[in-house]
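A.B. asks: Got a structure for you, questions after.
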Amino acid sequence: MMMEKLALRSRILLAGAAMSALLLAGAPAGAVTPADTLVEGFAIDDIISMDPGEAFELSTAEVTGNTYDLLVRLDLSDTSKVKPDLAESWTVSDDGLTYTFKLKPGLKFASGNPITAADVAWSFERAVKLDKSPAFIIDQFGISGDNVTEKAKAVDDTTFQFTVDKAYAPSFVLNCLSATVASIVDAKLVKEHVAAVTPSADYKWDNDFGNAWLKTGYAGSGVYKLREWRANEAVVMERNDNYYGEKAKLARVIYRNMKESSAQRLALEAGDIDVARNLEPNDLDAIAKNADLTTTSAPKGTVYYISLNQKNPNLSKPEVRQAFKYLVDYDALSTTILKGIGEIHQTFLPKGVLGELDENPFKLDVAKAKELLAKAGLPDGFSVTMDVRTGQPTTGMAESIQQTLGQAGIKLEIIPGDGKQTLTKYRARNHDIYIGQWGQDYFDPNSNAQTFASNPDNSDAGKSKTLAWRNAWDIPDLTKQTEAALLEKDSGKRADMYKDLEKKILDTSPFVVIHQQLEVAGLRKNLKGFALGPSFDTNFVGPVSKE
């Protein structure tokens with residue numbers, strides 16, 4: 001037994017050493033990644049937590065999508081629908097308020113613990129009571145910490161019941177349950193790591209529901225299991241042999257934090273990585289000319305935008321908001337920085353989503369912008385700052401906007417930072433201008449409408465921390481219109497309501513939507529089954545293999 005333990009420890013140490021070698025930036029040219037391992041170069045510095053009840057960043061969504069399961073999941077063959085994941089079937093009551101899910105038999109977590117309806121109920125309970133950023137996706141159905149145990153409950157070991165407050169379109173409810181916040185966690189395992197908390201006015205529960213542990217821990221049932229997250233360095237996932245469906249073809253996946261496109265291209269060419277995920281146009285062109293490499297792409301439900309904090313007295317002027325929309329050189333961006341990775345798109349609903357408005361009314365017009373600034377009482381411009389996540393395309397976009405703003409007398413100071421720094425500041429409403437991206441939380445127009453066009457409580461204590469709230473934009477009428485649209489079951493009428501919302505956002509909002517993302521990746525030709533999904537949590541790596 002002692003010799004077996006020593007042999008096992010040796011294998012673990014050797015595996016760890018091999019993994020560490022893979023993470024070294026200066027691996028020799030001609031290196032080849034292990035046959036059973038997928039290594040991706042990816043900017044993952046936005047990751048703050050691995051807890052699916054807390055995580056709300058794009059990179060984390062991809063990890064969560066591959067390591068946790070849901071009741072239902074987006075159907076990639078038809079993104080207007082969902083398909084069963086852990087749920088075998090579901091029904092909706094006649095009054096449209098109660099959704100009853102039957103679980104598949106014989107399900108297990110990666111730990112080996114059985115998956116029951118009680119795990120589902122506790123997963124919903126902890127997400128709601130933790131009340132982190134993504135909790136609003138569940139809260140919006142009239143769910144709160146006080147009623148969640150009645151509204152999301154286990155009827156028996158294989159039956160889960162979810163009760164909502166209004167007769168929403170069923171597609172809206174199901175789409176929300178496909179979001180990562182609805183991931184099912186291993187209640188037995190997490191409860192072993194619960195930390196006591198002293199209740200307060202802000203948090204009335206006596207424990208943290210395992211949040212401190214799950215920030216870096218894992219308690220899922222997905223095709224892969226999380227082995228390790230090293231902040232700003234790497235994420236390591238290993239195959240989950242207890243997965244209910246087709247097992248992952250590779251033993252592990254490693255995401256190496258690599259922010260620079262050129263570094264990713266060089267590593268891909270050298271064989272140090274299998275996939276490069278954040279490529280700029282010039283590096284994409286170089287990869288396309290390399291016989292050992294290929295590229296793939298997919299439109300994402302992600303839009304890039306700049307937003308103006310309405311707490312800033314200059315930025316809160318309607319004419320200034322309008323002027324900014326004429327001070328972006330959209331044409332130049334589309335032919336340079338965004339070439340091959342995005343297309344100009346100025347409305348908040350991405351193409352392919354119900355109600356998307358295909359209108360791009362703004363062009364660079366410095367004279368028009370100066371006119372608007374003069375009307376705002378700022379003929380000589382003003383000084384302002386912009387928080388920018390270091391890396392492309394955001395840095396290049398910010399520098400282009402800095403130059404065009406300067407033509408109208410607006411002096412822009414760029415404040416660079418990593419993803420965690422810029423997001424934390426933005427979520428606290430402490431920015432002047434923010435440049436970033438917004439990906440859909442679920443495939444329904446309400447996902448973007450709710451964040452760009454709704455702000456139920458504009459106070460600093462507001463619970464719905466939408467993008468409108470982050471930018472202190474108080475819009476009671478638009479908020480009511482957004483709420484009405486998600487209740488409209490007639491698809492044609494609902495689409496028209498969203499188009500009307502988009503027109504109003506174009507005209508009056510503090511958002512300058514610039515483009516829709518086209519996600520691209522460079523990869524080695526020996527990879528099979530690698531595909532990018534329509535959202536970050538649908539970039540599935542389970543089917544990937546190597547020749």
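In the structure tokens, the first chain shown is A, the next is B, and so on; residue numbers restart at 1 for each chain, and ligands run from 1 in the order shown.
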Go through range 47-274 of chain A and collect every residue that DSSP, computed from the backbone, puts in strand (DSSP E); the answer should be as a count of residues only.

C.D. replies: 47

A.B. asks: What are the nearest atom pairs, with distances in Å to one decimal, for all residues of range 341-399 of chain A that come at most 10 Å from range 418-436 of chain A, using only C-alpha atoms, set out by chain and rising residue number as CSV?

C.D. replies:
```
residue,atom,partner,partner_atom,distance
A:Val384,CA,A:Asp432,CA,6.6
A:Thr385,CA,A:Asp432,CA,5.7
A:Met386,CA,A:Ile433,CA,4.5
A:Asp387,CA,A:Tyr434,CA,5.1
A:Val388,CA,A:Ile435,CA,5.9
A:Arg389,CA,A:Asp418,CA,5.1
A:Thr390,CA,A:Asp418,CA,5.8
A:Gly391,CA,A:Asp418,CA,8.6
A:Pro393,CA,A:Gly436,CA,9.7
A:Thr394,CA,A:Ile435,CA,6.9
A:Thr395,CA,A:Ile435,CA,9.1
A:Met397,CA,A:Ile435,CA,8.6
A:Ala398,CA,A:Ile435,CA,7.4
```

A.B. asks: Pick out the closest residue to Val328 in chain A from this set: A:Glu125, A:Asp365, A:Asp46, A:Asp441. Count only C-alpha atoms.

C.D. replies: A:Asp365

A.B. asks: When you count only C-alpha atoms, which of these residues is closest to Val223 in chain A: A:Leu250, A:Ala154, A:Leu478, A:Leu315?

C.D. replies: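 Among the listed residues, the smallest separation from Val223 in chain A belongs to A:Leu250.
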
A.B. asks: With only C-alpha atoms counted and 7 Å as the cut-off, give the residues of range 238-327 of chain A in contact with range 518-534 of chain A, each with its shortest interatomic distance in Å and the pair that gives it, as CSV.

C.D. replies:
```
residue,atom,partner,partner_atom,distance
A:Asp274,CA,A:Arg524,CA,5.5
A:Val275,CA,A:Leu523,CA,4.4
A:Ala276,CA,A:Gly522,CA,5.0
A:Arg277,CA,A:Ala521,CA,4.8
A:Leu279,CA,A:Ala521,CA,6.9
A:Ile287,CA,A:Gly522,CA,6.7
A:Asp292,CA,A:Lys525,CA,5.9
A:Leu293,CA,A:Arg524,CA,4.6
A:Thr294,CA,A:Leu523,CA,5.5
A:Thr295,CA,A:Gly522,CA,4.4
A:Thr296,CA,A:Ala521,CA,5.5
A:Ser297,CA,A:Val520,CA,4.2
A:Ala298,CA,A:Glu519,CA,5.4
A:Pro299,CA,A:Leu518,CA,4.4
A:Lys300,CA,A:Pro534,CA,4.8
A:Gly301,CA,A:Pro534,CA,6.2
```

A.B. asks: Please measure the separation of CA of Thr163 in chain A and CA of Gly96 in chain A, giving the value in Å to one decimal.

C.D. replies: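 Separating CA of Thr163 in chain A from CA of Gly96 in chain A is a distance of 9.0 Å.
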
A.B. asks: Could you tell me how far CA of Glu356 in chain A lies from CA of Ser307 in chain A, in Å and to one decimal?

C.D. replies: 20.2 Å

A.B. asks: Skipping near chain neighbours, those fewer than 5 positions away, what residues fall within 9 Å of range 66-76 of chain A using only C-alpha atoms, listed as a CSV table (one decimal) with C-alpha atoms, in the first residue's frame?

C.D. replies:
```csv
chain,number,residue,atom,x,y,z
A,52,PRO,CA,-21.4,29.7,-10.9
A,61,ALA,CA,-18.8,31.4,-18.7
A,81,LYS,CA,-35.1,26.6,-28.5
A,82,VAL,CA,-33.6,24.8,-25.5
A,83,LYS,CA,-32.9,21.0,-25.1
A,84,PRO,CA,-32.8,18.7,-22.1
A,85,ASP,CA,-29.6,18.6,-20.1
A,86,LEU,CA,-30.1,17.1,-16.6
A,87,ALA,CA,-33.8,17.3,-17.1
A,88,GLU,CA,-35.4,14.5,-19.1
A,101,PHE,CA,-38.9,19.1,-14.4
A,103,LEU,CA,-34.5,14.5,-14.0
A,120,VAL,CA,-31.3,21.5,-7.9
A,174,LEU,CA,-36.4,28.3,-20.1
A,175,ASN,CA,-33.8,30.5,-21.8
A,177,LEU,CA,-32.7,28.5,-16.9
A,178,SER,CA,-30.0,27.9,-19.5
A,179,ALA,CA,-27.8,30.7,-18.0
A,180,THR,CA,-24.7,29.7,-16.0
A,182,ALA,CA,-28.7,28.1,-12.9
A,183,SER,CA,-25.8,25.5,-12.9
A,184,ILE,CA,-26.5,22.6,-10.6
A,185,VAL,CA,-23.9,22.2,-7.7
A,218,TYR,CA,-15.4,22.8,-7.9
A,219,ALA,CA,-18.7,20.9,-7.4
A,220,GLY,CA,-20.2,20.2,-10.8
A,221,SER,CA,-21.1,17.3,-13.1
A,222,GLY,CA,-20.0,18.6,-16.6
A,223,VAL,CA,-18.1,16.8,-19.3
A,224,TYR,CA,-14.9,18.3,-17.7
A,225,LYS,CA,-14.1,19.0,-14.0
A,226,LEU,CA,-12.2,22.0,-12.8
A,237,MET,CA,-9.8,21.1,-16.5
A,240,ASN,CA,-15.1,13.9,-15.8
A,442,TYR,CA,-29.4,33.8,-22.3
A,443,PHE,CA,-30.8,33.7,-25.9
A,533,GLY,CA,-20.6,28.5,-30.2
A,534,PRO,CA,-23.0,31.4,-30.4
A,537,ASP,CA,-20.8,29.3,-22.4
A,538,THR,CA,-21.5,27.2,-25.6
A,539,ASN,CA,-17.8,26.9,-26.6
A,540,PHE,CA,-17.8,23.2,-25.8
A,541,VAL,CA,-14.5,21.4,-25.8
A,542,GLY,CA,-15.8,17.9,-24.9
```

A.B. asks: Neighbouring residues of Asp380 in chain A were defined as those with any atom within 10 Å, considering only C-alpha atoms; residues of the same chain fewer than 5 positions away were excluded. Please report them as number ranges by chain.

C.D. replies: A: 370, 373-374, 408-410

A.B. asks: Between A:Val253, A:Val32, A:Gln392, A:Thr508, single out the one closest to Glu269 in chain A, counting only C-alpha atoms.

C.D. replies: A:Val32
